[in-house]
Amino acid sequence: HYQNQFESYRDRKIELSDSATNQLFGLSARSSRQFAGWLIGYAGADYLHTGLTGSEIIIPNGYPALARNRIEGYAAASFLPIEALRIAASLKPEYVSDINRFDLLPQFNIQYEPAHAVDLSAAYSKSVHAPTLNDLYFKLYGNPGLKTETADNYQAAIAASPEVLGLHPNFSVTYFIARIQNEIIWQPDTAGTDAWYPYNIGIASIHGVELRAAGSINLGGQSSLHLEESYTILSARNQNPDDTNYGKELIYSSPTSSLFIAELERNDWGSLS
């Protein structure tokens with residue numbers, strides 16, 4: 001795949017202007033094999049090249065062009081020891097060239113169906129998020145000292161699809177926890193100016209519950225109506241004891257949020273949502 005994007009920016013208050021071209025191209029490969037009726041293996045690799053050329057970039061030699069190569073691979077296996085139980089595990093190596101960082105990221109998932117149309121699941125994953133080239137090098141607002149985010153993510157869920165008046169709605173409750181080291185957020189300048197800068201928060205803790213209900217109604221012929229509602233209760237707090245914002249809610253977080261989706265679909269026309 002290939003993407004080319006041009007953007008321009010101007011801040012009249014401080015007379016800063018910038019134009020930049022972002023180029024991305026990548027390659028992906030996937031493979032899977034069933035070794036036995038109860039065991040399936042998966043493997044793959046991804047390569048992504050990112051190039052940024054701009055007029056206002058902070059780099060040591062002053063040349064206004066930057067590049068990043070991200071190389072990822074993964075090996076995974078899915079086990080089905082009994083019909084009602086599925087266990088999956090994977091390991092993903094990841095390398096980011098410009099910051100010379102290599103990580104091994106494990107992931108584990110277990111699903112169990114104790115009764116018809118009822119599913120229990122639990123999952124763990126480790127993730128990393130490298131600062132973007134703009135986060136690091138954008139002149140005046142970039143922060144070349146940013147560290148890479150790392151997170152441990154946990155999730156448990158219960159889902160049910162009962163039959164109600166001939167319909168099969170889907171209901172689920174998901175509890176999630178994330179503990180993030182060096183989370184990157186943009187916030188106002190500590191010196192009191194109007195500028196916003198990216199900073200690392202040493203430790204951030206996020207946990208919450210998502211309630212979800214969804215279902216489709218056949219309107220006859222080739223038409224159907226899909227309805228979905230999700231409601232999330234979230235706590236996202238700064239847990240760095242050396243920070244003046246220790247214990248406070250993180251910027252941008254919403255303690256509660258709701259999302260409602262309605263989609264009308266007709267097979268020979270398309271959909272409207």
# chains A, B, ... in the order shown; residues from 1 in each chain; ligands from 1
call {"tool": "closest_atom_pairs", "arguments": {"of": "stretch 83-159 of chain A", "to": "stretch 208-224 of chain A", "cutoff": "10 Å", "atoms": "only C-alpha atoms", "output": "JSON lines"}}
result
{"residue": "A:Gln155", "atom": "CA", "partner": "A:Val209", "partner_atom": "CA", "distance": 9.8}
{"residue": "A:Ala156", "atom": "CA", "partner": "A:Val209", "partner_atom": "CA", "distance": 9.7}
{"residue": "A:Ala157", "atom": "CA", "partner": "A:Glu210", "partner_atom": "CA", "distance": 9.3}
{"residue": "A:Ala159", "atom": "CA", "partner": "A:Arg212", "partner_atom": "CA", "distance": 9.2}
call {"tool": "write_last_selection", "arguments": {"atoms": "N, CA and C atoms", "output": "short mmCIF file (atom, residue, chain, number, x, y, z; two decimals), in the first residue's frame"}}
result
data_model
loop_
_atom_site.label_atom_id
_atom_site.label_comp_id
_atom_site.auth_asym_id
_atom_site.auth_seq_id
_atom_site.Cartn_x
_atom_site.Cartn_y
_atom_site.Cartn_z
N GLN A 155 -8.31 -7.61 29.95
CA GLN A 155 -9.72 -7.48 29.59
C GLN A 155 -10.47 -8.75 29.95
N ALA A 156 -11.69 -8.60 30.45
CA ALA A 156 -12.58 -9.73 30.71
C ALA A 156 -13.97 -9.35 30.23
N ALA A 157 -14.68 -10.30 29.64
CA ALA A 157 -15.98 -9.96 29.05
C ALA A 157 -16.94 -11.13 29.13
N ALA A 159 -20.61 -12.18 27.02
CA ALA A 159 -21.49 -11.81 25.91
C ALA A 159 -22.59 -12.85 25.79
#
call {"tool": "residues_around", "arguments": {"residues": "A:Trp196", "least_positions_apart": "5", "cutoff": "6 Å", "atoms": "only C-alpha atoms", "output": "list in words"}}
result
Gln187, Pro188 and Asp189 of chain A
call {"tool": "closest_residue", "arguments": {"among": "A:Ala29, A:Tyr42, A:Thr50, A:Ser230", "to": "A:Gln3", "atoms": "only C-alpha atoms"}}
result
A:Thr50
call {"tool": "select_by_dssp", "arguments": {"residues": "stretch 105-237 of chain A", "states": "alpha helix (DSSP H)", "output": "count of residues only"}}
result
5
call {"tool": "decode", "arguments": {"residues": "stretch 52-202 of chain A", "atoms": "C-alpha atoms", "output": "mmCIF file, in the first residue's frame"}}
result
data_model
loop_
_atom_site.group_PDB
_atom_site.id
_atom_site.type_symbol
_atom_site.label_atom_id
_atom_site.label_comp_id
_atom_site.auth_asym_id
_atom_site.auth_seq_id
_atom_site.Cartn_x
_atom_site.Cartn_y
_atom_site.Cartn_z
ATOM 1 C CA LEU A 52 8.408 13.283 6.460
ATOM 2 C CA THR A 53 9.726 16.300 4.572
ATOM 3 C CA GLY A 54 8.926 19.717 6.033
ATOM 4 C CA SER A 55 10.192 23.258 6.333
ATOM 5 C CA GLU A 56 10.126 23.386 10.148
ATOM 6 C CA ILE A 57 11.758 20.250 11.578
ATOM 7 C CA ILE A 58 14.177 19.813 14.454
ATOM 8 C CA ILE A 59 16.949 17.376 13.590
ATOM 9 C CA PRO A 60 20.664 17.542 14.447
ATOM 10 C CA ASN A 61 21.977 18.178 10.924
ATOM 11 C CA GLY A 62 19.204 20.605 9.969
ATOM 12 C CA TYR A 63 18.206 18.653 6.840
ATOM 13 C CA PRO A 64 14.387 18.879 6.543
ATOM 14 C CA ALA A 65 13.740 15.194 5.813
ATOM 15 C CA LEU A 66 13.161 12.298 8.192
ATOM 16 C CA ALA A 67 12.505 8.604 7.697
ATOM 17 C CA ARG A 68 11.312 5.721 9.832
ATOM 18 C CA ASN A 69 11.198 2.001 9.093
ATOM 19 C CA ARG A 70 8.939 -0.182 11.199
ATOM 20 C CA ILE A 71 9.380 -3.953 10.894
ATOM 21 C CA GLU A 72 6.955 -6.314 12.622
ATOM 22 C CA GLY A 73 6.417 -10.036 12.627
ATOM 23 C CA TYR A 74 4.169 -12.398 14.521
ATOM 24 C CA ALA A 75 3.721 -16.072 15.273
ATOM 25 C CA ALA A 76 0.466 -17.299 16.778
ATOM 26 C CA ALA A 77 -1.344 -20.504 17.590
ATOM 27 C CA SER A 78 -4.999 -21.267 18.281
ATOM 28 C CA PHE A 79 -5.883 -24.324 20.384
ATOM 29 C CA LEU A 80 -9.298 -25.992 20.666
ATOM 30 C CA PRO A 81 -8.855 -28.628 23.406
ATOM 31 C CA ILE A 82 -12.638 -29.063 23.705
ATOM 32 C CA GLU A 83 -15.454 -27.692 21.557
ATOM 33 C CA ALA A 84 -16.462 -25.028 24.086
ATOM 34 C CA LEU A 85 -12.936 -23.760 24.824
ATOM 35 C CA ARG A 86 -10.549 -21.837 22.585
ATOM 36 C CA ILE A 87 -7.083 -20.640 23.645
ATOM 37 C CA ALA A 88 -4.897 -18.371 21.507
ATOM 38 C CA ALA A 89 -1.386 -17.060 22.097
ATOM 39 C CA SER A 90 0.969 -14.965 19.990
ATOM 40 C CA LEU A 91 4.335 -13.257 20.079
ATOM 41 C CA LYS A 92 5.118 -10.180 17.983
ATOM 42 C CA PRO A 93 8.661 -8.793 17.510
ATOM 43 C CA GLU A 94 8.739 -5.100 16.521
ATOM 44 C CA TYR A 95 11.603 -2.820 15.492
ATOM 45 C CA VAL A 96 11.484 0.967 14.917
ATOM 46 C CA SER A 97 14.549 2.279 13.112
ATOM 47 C CA ASP A 98 14.891 5.984 13.971
ATOM 48 C CA ILE A 99 14.707 5.355 17.726
ATOM 49 C CA ASN A 100 16.558 2.027 17.415
ATOM 50 C CA ARG A 101 14.041 0.172 19.588
ATOM 51 C CA PHE A 102 13.205 -3.528 19.558
ATOM 52 C CA ASP A 103 10.323 -5.116 21.519
ATOM 53 C CA LEU A 104 8.807 -8.568 21.953
ATOM 54 C CA LEU A 105 5.064 -8.255 22.546
ATOM 55 C CA PRO A 106 3.101 -11.236 23.915
ATOM 56 C CA GLN A 107 -0.665 -11.662 23.662
ATOM 57 C CA PHE A 108 -2.972 -14.262 25.223
ATOM 58 C CA ASN A 109 -6.703 -14.858 24.826
ATOM 59 C CA ILE A 110 -9.106 -17.481 26.181
ATOM 60 C CA GLN A 111 -12.775 -17.969 25.225
ATOM 61 C CA TYR A 112 -15.239 -20.335 26.854
ATOM 62 C CA GLU A 113 -18.872 -21.066 26.002
ATOM 63 C CA PRO A 114 -20.491 -22.446 29.203
ATOM 64 C CA ALA A 115 -23.963 -22.493 27.633
ATOM 65 C CA HIS A 116 -25.607 -21.960 24.274
ATOM 66 C CA ALA A 117 -25.293 -18.326 23.081
ATOM 67 C CA VAL A 118 -23.204 -17.318 26.130
ATOM 68 C CA ASP A 119 -19.473 -16.538 25.853
ATOM 69 C CA LEU A 120 -16.881 -15.754 28.514
ATOM 70 C CA SER A 121 -13.488 -14.351 27.538
ATOM 71 C CA ALA A 122 -10.296 -12.974 29.055
ATOM 72 C CA ALA A 123 -7.258 -11.442 27.384
ATOM 73 C CA TYR A 124 -3.838 -9.959 28.095
ATOM 74 C CA SER A 125 -1.541 -8.054 25.752
ATOM 75 C CA LYS A 126 1.566 -5.904 25.935
ATOM 76 C CA SER A 127 1.702 -2.963 23.543
ATOM 77 C CA VAL A 128 4.093 -0.178 22.575
ATOM 78 C CA HIS A 129 3.479 3.147 20.872
ATOM 79 C CA ALA A 130 6.478 5.023 19.531
ATOM 80 C CA PRO A 131 6.168 8.838 19.349
ATOM 81 C CA THR A 132 5.386 10.019 15.823
ATOM 82 C CA LEU A 133 7.883 11.959 13.743
ATOM 83 C CA ASN A 134 5.818 15.116 14.356
ATOM 84 C CA ASP A 135 5.774 14.437 18.121
ATOM 85 C CA LEU A 136 9.564 14.258 18.100
ATOM 86 C CA TYR A 137 10.747 16.754 15.503
ATOM 87 C CA PHE A 138 8.103 19.397 14.689
ATOM 88 C CA LYS A 139 9.920 22.720 15.124
ATOM 89 C CA LEU A 140 8.960 24.707 18.232
ATOM 90 C CA TYR A 141 6.280 22.205 19.312
ATOM 91 C CA GLY A 142 8.140 18.896 18.955
ATOM 92 C CA ASN A 143 9.843 17.147 21.851
ATOM 93 C CA PRO A 144 12.883 15.066 20.760
ATOM 94 C CA GLY A 145 13.223 13.773 24.336
ATOM 95 C CA LEU A 146 9.948 11.820 24.252
ATOM 96 C CA LYS A 147 10.058 8.201 25.375
ATOM 97 C CA THR A 148 8.099 5.310 23.877
ATOM 98 C CA GLU A 149 4.803 4.362 25.513
ATOM 99 C CA THR A 150 4.488 0.831 26.857
ATOM 100 C CA ALA A 151 1.331 -0.712 28.279
ATOM 101 C CA ASP A 152 0.026 -3.861 29.922
ATOM 102 C CA ASN A 153 -3.604 -4.423 28.920
ATOM 103 C CA TYR A 154 -6.127 -6.755 30.592
ATOM 104 C CA GLN A 155 -9.716 -7.478 29.591
ATOM 105 C CA ALA A 156 -12.581 -9.726 30.714
ATOM 106 C CA ALA A 157 -15.978 -9.963 29.050
ATOM 107 C CA ILE A 158 -19.269 -11.789 29.007
ATOM 108 C CA ALA A 159 -21.486 -11.814 25.906
ATOM 109 C CA ALA A 160 -24.910 -13.282 25.219
ATOM 110 C CA SER A 161 -27.086 -13.641 22.120
ATOM 111 C CA PRO A 162 -30.504 -14.804 23.331
ATOM 112 C CA GLU A 163 -33.554 -15.180 21.128
ATOM 113 C CA VAL A 164 -36.167 -12.487 21.853
ATOM 114 C CA LEU A 165 -39.433 -12.459 19.866
ATOM 115 C CA GLY A 166 -37.700 -14.101 16.934
ATOM 116 C CA LEU A 167 -34.777 -11.676 17.045
ATOM 117 C CA HIS A 168 -31.194 -12.397 18.112
ATOM 118 C CA PRO A 169 -29.785 -9.289 19.845
ATOM 119 C CA ASN A 170 -26.218 -9.217 21.143
ATOM 120 C CA PHE A 171 -25.427 -8.032 24.666
ATOM 121 C CA SER A 172 -21.984 -7.721 26.229
ATOM 122 C CA VAL A 173 -20.250 -6.357 29.310
ATOM 123 C CA THR A 174 -16.486 -5.758 29.132
ATOM 124 C CA TYR A 175 -14.176 -4.782 31.980
ATOM 125 C CA PHE A 176 -10.738 -3.459 30.991
ATOM 126 C CA ILE A 177 -7.559 -2.315 32.721
ATOM 127 C CA ALA A 178 -4.450 -0.693 31.246
ATOM 128 C CA ARG A 179 -1.288 0.386 33.019
ATOM 129 C CA ILE A 180 0.742 2.684 30.801
ATOM 130 C CA GLN A 181 4.345 3.742 31.213
ATOM 131 C CA ASN A 182 5.398 7.054 29.589
ATOM 132 C CA GLU A 183 1.999 7.811 28.040
ATOM 133 C CA ILE A 184 2.306 10.611 25.453
ATOM 134 C CA ILE A 185 -0.226 13.427 25.683
ATOM 135 C CA TRP A 186 -0.350 16.969 24.292
ATOM 136 C CA GLN A 187 -1.023 19.579 26.944
ATOM 137 C CA PRO A 188 -0.554 23.336 27.477
ATOM 138 C CA ASP A 189 2.947 24.696 27.922
ATOM 139 C CA THR A 190 4.013 24.680 31.586
ATOM 140 C CA ALA A 191 5.572 28.140 31.045
ATOM 141 C CA GLY A 192 2.103 29.637 30.554
ATOM 142 C CA THR A 193 2.148 30.340 26.803
ATOM 143 C CA ASP A 194 -0.665 29.405 24.383
ATOM 144 C CA ALA A 195 1.417 26.593 22.882
ATOM 145 C CA TRP A 196 0.712 22.882 23.382
ATOM 146 C CA TYR A 197 3.531 20.341 23.623
ATOM 147 C CA PRO A 198 3.785 16.546 23.825
ATOM 148 C CA TYR A 199 4.862 15.209 27.206
ATOM 149 C CA ASN A 200 5.391 11.813 28.806
ATOM 150 C CA ILE A 201 3.350 10.907 31.869
ATOM 151 C CA GLY A 202 5.454 8.505 33.914
#
